[in-house]
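Student: File follows, input.cif with mmCIF, C-alpha atoms:
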data_run
#
loop_
_atom_site.label_atom_id
_atom_site.label_comp_id
_atom_site.auth_asym_id
_atom_site.auth_seq_id
_atom_site.Cartn_x
_atom_site.Cartn_y
_atom_site.Cartn_z
CA MET A 1177 20.71 16.39 4.70
CA GLU A 1178 22.27 19.17 2.62
CA GLN A 1179 22.78 16.73 -0.28
CA THR A 1180 19.14 15.68 -0.04
CA VAL A 1181 17.91 19.28 -0.23
CA ARG A 1182 20.23 19.99 -3.16
CA TYR A 1183 18.93 16.88 -4.95
CA ILE A 1184 15.32 17.98 -4.40
CA GLU A 1185 16.03 21.47 -5.73
CA GLU A 1186 17.88 20.17 -8.78
CA SER A 1187 15.16 17.62 -9.52
CA PHE A 1188 12.34 20.15 -9.34
CA ALA A 1189 14.35 22.59 -11.46
CA GLY A 1190 14.96 19.95 -14.14
CA LEU A 1191 11.61 18.17 -14.39
CA PRO A 1192 7.97 18.84 -13.48
CA PHE A 1193 7.80 16.71 -10.32
CA GLU A 1194 4.62 16.93 -8.23
CA TYR A 1195 6.19 15.85 -4.94
CA VAL A 1196 9.08 14.12 -3.20
CA SER A 1197 8.59 10.77 -1.45
CA PHE A 1198 10.58 9.57 1.53
CA TYR A 1199 9.54 5.93 1.85
CA ALA A 1200 11.44 4.31 4.68
CA PRO A 1201 9.91 3.51 8.05
CA THR A 1202 13.07 4.98 9.56
CA PHE A 1203 12.52 8.42 7.99
CA THR A 1204 11.96 10.10 11.36
CA LEU A 1205 14.23 7.76 13.34
CA ASN A 1206 16.97 10.39 13.31
CA ARG A 1207 14.92 13.29 14.60
CA ALA A 1208 17.78 15.80 14.35
CA TRP A 1209 18.23 15.02 10.63
CA THR A 1210 14.50 15.26 9.96
CA THR A 1211 14.25 18.54 11.86
CA ARG A 1212 17.19 20.03 9.93
CA LEU A 1213 15.62 18.91 6.65
CA CYS A 1214 12.29 20.52 7.56
CA ASP A 1215 14.01 23.73 8.68
CA GLN A 1216 15.86 23.95 5.36
CA LEU A 1217 12.65 23.36 3.40
CA VAL A 1218 10.86 26.05 5.45
CA ARG A 1219 13.72 28.49 4.70
CA ARG A 1220 13.22 27.78 1.00
CA GLY A 1221 9.54 28.69 1.25
CA ALA A 1222 8.18 25.15 1.60
CA ARG A 1223 7.77 25.04 -2.17
CA TYR A 1224 8.55 21.34 -2.55
CA PRO A 1225 5.57 19.18 -1.56
CA TRP A 1226 6.68 15.95 0.05
CA MET A 1227 5.36 12.84 1.74
CA CYS A 1228 6.88 10.16 3.89
CA ALA A 1229 6.40 6.76 5.43
CA THR A 1230 7.38 6.43 9.06
CA THR A 1231 6.12 5.06 12.35
CA VAL A 1232 3.60 6.44 14.83
CA HIS A 1233 6.23 5.86 17.50
CA HIS A 1234 8.61 8.46 16.05
CA LEU A 1235 6.11 11.31 15.68
CA ASP A 1236 4.80 13.93 18.06
CA ALA A 1237 2.81 17.16 17.77
CA GLU A 1238 5.88 19.37 17.45
CA LEU A 1239 7.52 17.33 14.69
CA VAL A 1240 4.28 16.90 12.72
CA ALA A 1241 3.65 20.66 12.88
CA LEU A 1242 7.18 21.36 11.58
CA MET A 1243 6.73 18.78 8.84
CA GLY A 1244 3.51 20.49 7.76
CA ARG A 1245 5.17 23.92 7.67
CA SER A 1246 7.98 22.49 5.53
CA GLY A 1247 5.66 21.19 2.81
CA CYS A 1248 4.72 17.68 3.96
CA VAL A 1249 1.39 16.73 2.42
CA ARG A 1250 1.05 13.09 3.53
CA ILE A 1251 2.37 10.90 6.33
CA SER A 1252 1.97 7.14 5.95
CA VAL A 1253 2.23 4.97 9.03
CA GLY A 1254 1.66 1.36 9.90
CA VAL A 1255 -1.26 1.18 12.28
CA GLU A 1256 -1.27 -2.60 11.75
CA THR A 1257 -4.10 -3.27 14.25
CA LEU A 1258 -5.89 -1.47 17.04
CA ALA A 1259 -6.82 -4.79 18.66
CA ALA A 1260 -4.68 -5.58 21.71
CA SER A 1261 -5.09 -9.27 20.83
CA GLY A 1262 -2.87 -8.73 17.77
CA HIS A 1263 -0.07 -6.88 19.55
CA ALA A 1264 1.86 -10.02 20.44
CA ALA A 1265 2.65 -10.45 16.72
CA LEU A 1266 4.19 -6.96 16.57
CA PRO A 1267 7.43 -5.40 17.88
CA TRP A 1268 6.69 -3.10 20.85
CA PRO A 1269 6.97 0.23 18.95
CA LYS A 1270 4.19 -0.97 16.61
CA ARG A 1271 1.77 -1.76 19.46
CA LYS A 1272 -0.38 1.34 19.21
CA GLY A 1273 -3.93 1.82 20.35
CA GLU A 1274 -6.69 4.20 19.39
CA ASP A 1275 -5.34 6.99 21.60
CA ALA A 1276 -1.99 7.15 19.80
CA VAL A 1277 -3.58 7.01 16.35
CA GLY A 1278 -6.19 9.57 17.38
CA ALA A 1279 -3.50 11.96 18.61
CA LEU A 1280 -1.55 11.56 15.36
CA ALA A 1281 -4.71 12.17 13.32
CA ALA A 1282 -5.35 15.40 15.25
CA TRP A 1283 -1.75 16.59 14.77
CA CYS A 1284 -1.95 15.86 11.05
CA GLU A 1285 -5.26 17.66 10.70
CA ARG A 1286 -3.90 20.76 12.45
CA ALA A 1287 -0.80 20.68 10.21
CA GLY A 1288 -2.79 20.19 6.99
CA ILE A 1289 -1.25 16.78 6.37
CA GLU A 1290 -3.14 13.77 5.02
CA LEU A 1291 -2.78 10.72 7.26
CA ASN A 1292 -2.39 7.41 5.44
CA CYS A 1293 -2.67 4.30 7.65
CA CYS A 1294 -1.70 0.74 6.77
CA VAL A 1295 -3.94 -1.81 8.50
CA ILE A 1296 -3.02 -5.50 8.42
CA VAL A 1297 -5.82 -7.93 7.65
CA GLY A 1298 -5.15 -11.42 8.99
CA LEU A 1299 -2.58 -10.50 11.61
CA PRO A 1300 -2.21 -13.40 14.07
CA GLY A 1301 -4.43 -12.87 17.09
CA THR A 1302 -6.92 -10.69 15.23
CA THR A 1303 -10.23 -11.31 13.53
CA VAL A 1304 -11.89 -9.92 10.43
CA ALA A 1305 -14.05 -7.86 12.80
CA ASP A 1306 -10.87 -6.40 14.37
CA ALA A 1307 -9.61 -5.33 10.94
CA GLU A 1308 -13.00 -3.85 10.05
CA ALA A 1309 -13.04 -1.94 13.34
CA ALA A 1310 -9.54 -0.56 12.70
CA VAL A 1311 -10.53 0.55 9.20
CA ALA A 1312 -13.69 2.22 10.52
CA ARG A 1313 -11.76 3.98 13.31
CA VAL A 1314 -9.04 5.29 10.99
CA ARG A 1315 -11.69 6.61 8.61
CA ALA A 1316 -13.63 8.20 11.49
CA LEU A 1317 -10.43 10.01 12.46
CA GLY A 1318 -10.13 11.38 8.91
CA GLY A 1319 -7.33 9.05 7.86
CA ARG A 1320 -6.97 7.16 4.64
CA VAL A 1321 -6.72 3.37 4.90
CA ARG A 1322 -4.27 1.19 3.01
CA PRO A 1323 -5.09 -2.43 3.78
CA THR A 1324 -2.25 -4.90 3.71
CA ILE A 1325 -2.61 -8.65 4.05
CA TYR A 1326 -0.69 -10.83 6.45
CA SER A 1327 -0.14 -14.17 4.85
CA PRO A 1328 2.16 -16.97 5.93
CA HIS A 1329 2.94 -18.04 2.36
CA GLU A 1330 4.37 -21.39 3.42
CA ARG A 1331 0.94 -22.40 4.78
CA LEU A 1332 -1.18 -21.36 1.82
CA ASP A 1333 -3.14 -24.07 0.08
CA PRO A 1334 -3.92 -23.15 -3.54
CA MET A 1335 -7.07 -25.31 -3.33
CA ALA A 1336 -8.41 -23.58 -0.19
CA SER A 1337 -11.78 -21.83 -0.30
CA VAL A 1338 -12.03 -18.07 0.14
CA ASP A 1339 -13.46 -18.63 3.63
CA ALA A 1340 -10.54 -20.86 4.59
CA LEU A 1341 -8.05 -18.30 3.32
CA ALA A 1342 -9.77 -15.55 5.30
#
How does the structure come out when it is put into structure tokens?

Tutor:
Amino acid sequence: MEQTVRYIEESFAGLPFEYVSFYAPTFTLNRAWTTRLCDQLVRRGARYPWMCATTVHHLDAELVALMGRSGCVRISVGVETLAASGHAALPWPKRKGEDAVGALAAWCERAGIELNCCVIVGLPGTTVADAEAAVARVRALGGRVRPTIYSPHERLDPMASVDALA
């Protein structure tokens, strides 16, 4: 963690960076490391804006608040789907419903952090209507939507119609 903070400081001192990105879904997996990082950034005046990708499963109100105080400006998470019918295609930590996403959205809003949610279109067990509902719900919660497409490449037919592909 100390090396990471030193790297951030040196990078901002050397070039006009706008922010730091931590893009690994395991960013908050080691909560103690993440907490120490945030504490160090708070001690430095939270002058380095940063964003991360992580999972809903590894966040709570306390950690999100600390992240906001330390300079976090955006949290990206995989919502995947809010439809229970699609959960079988996901590992258990990714099986989140509206309540979990709603709580995260509220924590982010209180902390001044933008919430960025990846929603999978075409996830097995879901429909286009399910994806549309997830997008609408994330937007209603104040989140930003990043659609991603599930596609079993081995089954794609280059001659298929748009409807068949959907």

Student: Take the PyMOL selection byres ((chain A and resi 1211-1213) around 9), run it mentally on this structure, and tell me the resulting residues as a list of chain:residue names.

Tutor: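 With the shown file as input, the PyMOL selection byres ((chain A and resi 1211-1213) around 9) matches A:Met1177, A:Glu1178, A:Thr1180, A:Val1181, A:Thr1204, A:Asn1206, A:Arg1207, A:Ala1208, A:Trp1209, A:Thr1210, A:Cys1214, A:Asp1215, A:Gln1216, A:Leu1217, A:Val1218, A:Leu1239, A:Leu1242, A:Met1243, A:Ser1246.
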
Student: Taking into account all atoms listed in the file, which residue in the set A:Ile1184, A:Ala1312, A:Ala1340, A:Leu1299 is nearest to Gly1262 of chain A?

Tutor: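 Using all atoms listed in the file, Gly1262 of chain A sits closest to A:Leu1299.
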
Student: One decimal, Å: what's the distance from atom CA of Ala1241 of chain A over to atom CA of Leu1258 of chain A, could you say?

Tutor: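 Separation of atom CA of Ala1241 of chain A and atom CA of Leu1258 of chain A: 24.5 Å.
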
Student: Residues at most 10 Å from Glu1285 of chain A, counting only C-alpha atoms, excluding those fewer than 4 positions away in the same chain, as a VMD selection string?

Tutor: chain A and resid 1240 to 1241 1244 1279 to 1281 1289 to 1291 1317 to 1319

Student: Nearest to Thr1231 of chain A among A:Glu1194, A:Glu1256, A:Asp1306, A:Glu1274, with distances taken over only C-alpha atoms: which residue is it?

Tutor: A:Glu1256

Student: Once the PyMOL selection byres ((chain A and resi 1295) around 7) is applied to the coordinates I shared, what remains selected? I want it as a list in words.

Tutor: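 Applied to this file, the PyMOL selection byres ((chain A and resi 1295) around 7) selects Gly1254, Val1255, Glu1256, Thr1257, Cys1293, Cys1294, Ile1296, Val1297, Val1321, Arg1322, Pro1323 and Thr1324 of chain A.
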
Student: Expressed in Å to a single decimal, how great is the separation between atom CA of Lys1270 of chain A and atom CA of Trp1226 of chain A?

Tutor: 23.8 Å

Student: Atom CA of Lys1272 of chain A and atom CA of Ala1260 of chain A, how far apart in Å?

Tutor: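 Between these atoms lies a distance of 8.5 Å.
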
Student: Could you tell me which of A:Ala1189, A:Tyr1199, A:Gly1273, A:Asn1292 comes closest to Arg1315 of chain A if we count all atoms listed in the file?

Tutor: A:Asn1292

Student: With all atoms listed in the file as the atoms that count, which of A:Val1232, A:Ala1276, A:Cys1284, A:Ala1264 lies nearest to Arg1250 of chain A?

Tutor: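 Under the stated criterion, the closest residue is A:Cys1284.
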
Student: With all atoms listed in the file as the atoms that count, which of A:Gly1221, A:Met1335, A:Gly1301, A:Trp1283 lies nearest to Leu1266 of chain A?

Tutor: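 Result for the nearest residue to Leu1266 of chain A: A:Gly1301.
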
Student: Considering only C-alpha atoms, can you say which of A:Val1311, A:Ala1316, A:Leu1332, A:Thr1202 comes closest to Ala1282 of chain A?

Tutor: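 Selected residue with least distance to Ala1282 of chain A: A:Ala1316.
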
Student: Taking all atoms of segment 1323-1338 of chain A that the file lists and extending 3 Å past them on each side, where is the centre of the axis-aligned box and how long are its edges? Answer in Å to one decimal, as lines of an AutoDock Vina configuration file.

Tutor:
center_x = -3.8
center_y = -13.9
center_z = 1.5
size_x = 22.4
size_y = 28.9
size_z = 16.0

Student: Extract segment 1216-1254 of chain A from the structure I just pasted (atoms: N, CA and C atoms) and return it as a short mmCIF file (atom, residue, chain, number, x, y, z; two decimals), in the first residue's frame.

Tutor:
data_model
loop_
_atom_site.label_atom_id
_atom_site.label_comp_id
_atom_site.auth_asym_id
_atom_site.auth_seq_id
_atom_site.Cartn_x
_atom_site.Cartn_y
_atom_site.Cartn_z
N GLN A 1216 -4.46 6.73 4.25
CA GLN A 1216 -3.28 7.47 3.81
C GLN A 1216 -3.66 8.62 2.86
N LEU A 1217 -4.60 8.37 1.97
CA LEU A 1217 -5.04 9.42 1.04
C LEU A 1217 -5.77 10.53 1.79
N VAL A 1218 -6.54 10.19 2.82
CA VAL A 1218 -7.20 11.21 3.65
C VAL A 1218 -6.13 12.06 4.34
N ARG A 1219 -5.12 11.41 4.90
CA ARG A 1219 -4.04 12.14 5.59
C ARG A 1219 -3.32 13.11 4.66
N ARG A 1220 -3.30 12.80 3.38
CA ARG A 1220 -2.64 13.66 2.40
C ARG A 1220 -3.60 14.71 1.84
N GLY A 1221 -4.77 14.81 2.42
CA GLY A 1221 -5.72 15.84 2.00
C GLY A 1221 -6.64 15.42 0.88
N ALA A 1222 -6.71 14.15 0.59
CA ALA A 1222 -7.58 13.61 -0.47
C ALA A 1222 -7.44 14.42 -1.76
N ARG A 1223 -6.21 14.72 -2.11
CA ARG A 1223 -5.99 15.58 -3.29
C ARG A 1223 -5.77 14.79 -4.57
N TYR A 1224 -5.87 13.47 -4.50
CA TYR A 1224 -5.70 12.64 -5.69
C TYR A 1224 -7.03 11.97 -6.02
N PRO A 1225 -7.78 12.52 -6.97
CA PRO A 1225 -9.04 11.85 -7.33
C PRO A 1225 -8.77 10.46 -7.86
N TRP A 1226 -9.63 9.52 -7.50
CA TRP A 1226 -9.43 8.15 -7.94
C TRP A 1226 -10.76 7.45 -8.15
N MET A 1227 -10.71 6.38 -8.93
CA MET A 1227 -11.89 5.57 -9.18
C MET A 1227 -11.48 4.11 -9.17
N CYS A 1228 -12.47 3.24 -9.00
CA CYS A 1228 -12.14 1.82 -8.94
C CYS A 1228 -13.26 0.98 -9.53
N ALA A 1229 -12.90 -0.24 -9.85
CA ALA A 1229 -13.87 -1.27 -10.20
C ALA A 1229 -13.79 -2.31 -9.10
N THR A 1230 -14.94 -2.75 -8.65
CA THR A 1230 -14.98 -3.74 -7.58
C THR A 1230 -16.31 -4.48 -7.66
N THR A 1231 -16.69 -5.11 -6.58
CA THR A 1231 -17.96 -5.84 -6.57
C THR A 1231 -18.88 -5.26 -5.50
N VAL A 1232 -20.17 -5.36 -5.73
CA VAL A 1232 -21.16 -4.92 -4.75
C VAL A 1232 -20.93 -5.68 -3.45
N HIS A 1233 -20.60 -6.93 -3.57
CA HIS A 1233 -20.43 -7.84 -2.43
C HIS A 1233 -19.38 -7.34 -1.43
N HIS A 1234 -18.37 -6.64 -1.89
CA HIS A 1234 -17.27 -6.22 -1.02
C HIS A 1234 -17.39 -4.77 -0.54
N LEU A 1235 -18.56 -4.19 -0.65
CA LEU A 1235 -18.75 -2.80 -0.23
C LEU A 1235 -19.81 -2.73 0.86
N ASP A 1236 -19.66 -1.74 1.73
CA ASP A 1236 -20.69 -1.43 2.71
C ASP A 1236 -20.65 0.08 2.96
N ALA A 1237 -21.60 0.57 3.75
CA ALA A 1237 -21.73 2.01 3.96
C ALA A 1237 -20.45 2.62 4.53
N GLU A 1238 -19.84 1.95 5.49
CA GLU A 1238 -18.64 2.47 6.13
C GLU A 1238 -17.48 2.59 5.15
N LEU A 1239 -17.25 1.56 4.37
CA LEU A 1239 -16.14 1.58 3.41
C LEU A 1239 -16.38 2.61 2.31
N VAL A 1240 -17.60 2.68 1.80
CA VAL A 1240 -17.90 3.66 0.74
C VAL A 1240 -17.71 5.08 1.26
N ALA A 1241 -18.13 5.34 2.49
CA ALA A 1241 -17.94 6.68 3.08
C ALA A 1241 -16.45 7.02 3.18
N LEU A 1242 -15.64 6.07 3.63
CA LEU A 1242 -14.19 6.29 3.73
C LEU A 1242 -13.60 6.51 2.34
N MET A 1243 -14.03 5.74 1.38
CA MET A 1243 -13.54 5.90 0.02
C MET A 1243 -13.85 7.31 -0.49
N GLY A 1244 -15.05 7.79 -0.23
CA GLY A 1244 -15.42 9.14 -0.64
C GLY A 1244 -14.55 10.20 0.02
N ARG A 1245 -14.31 10.05 1.32
CA ARG A 1245 -13.46 11.03 2.03
C ARG A 1245 -12.04 11.02 1.50
N SER A 1246 -11.59 9.88 0.96
CA SER A 1246 -10.20 9.77 0.50
C SER A 1246 -10.00 10.25 -0.94
N GLY A 1247 -11.08 10.63 -1.61
CA GLY A 1247 -10.94 11.16 -2.97
C GLY A 1247 -11.56 10.31 -4.05
N CYS A 1248 -12.22 9.21 -3.70
CA CYS A 1248 -12.86 8.37 -4.72
C CYS A 1248 -13.98 9.15 -5.39
N VAL A 1249 -13.97 9.17 -6.70
CA VAL A 1249 -14.99 9.89 -7.46
C VAL A 1249 -15.93 8.97 -8.23
N ARG A 1250 -15.54 7.71 -8.43
CA ARG A 1250 -16.41 6.77 -9.14
C ARG A 1250 -16.12 5.34 -8.69
N ILE A 1251 -17.19 4.60 -8.45
CA ILE A 1251 -17.10 3.16 -8.18
C ILE A 1251 -17.85 2.45 -9.29
N SER A 1252 -17.17 1.53 -9.95
CA SER A 1252 -17.80 0.71 -10.99
C SER A 1252 -17.99 -0.70 -10.45
N VAL A 1253 -19.20 -1.20 -10.62
CA VAL A 1253 -19.52 -2.55 -10.17
C VAL A 1253 -20.27 -3.30 -11.25
N GLY A 1254 -20.20 -4.60 -11.18
CA GLY A 1254 -20.99 -5.43 -12.07
C GLY A 1254 -22.32 -5.74 -11.41
#
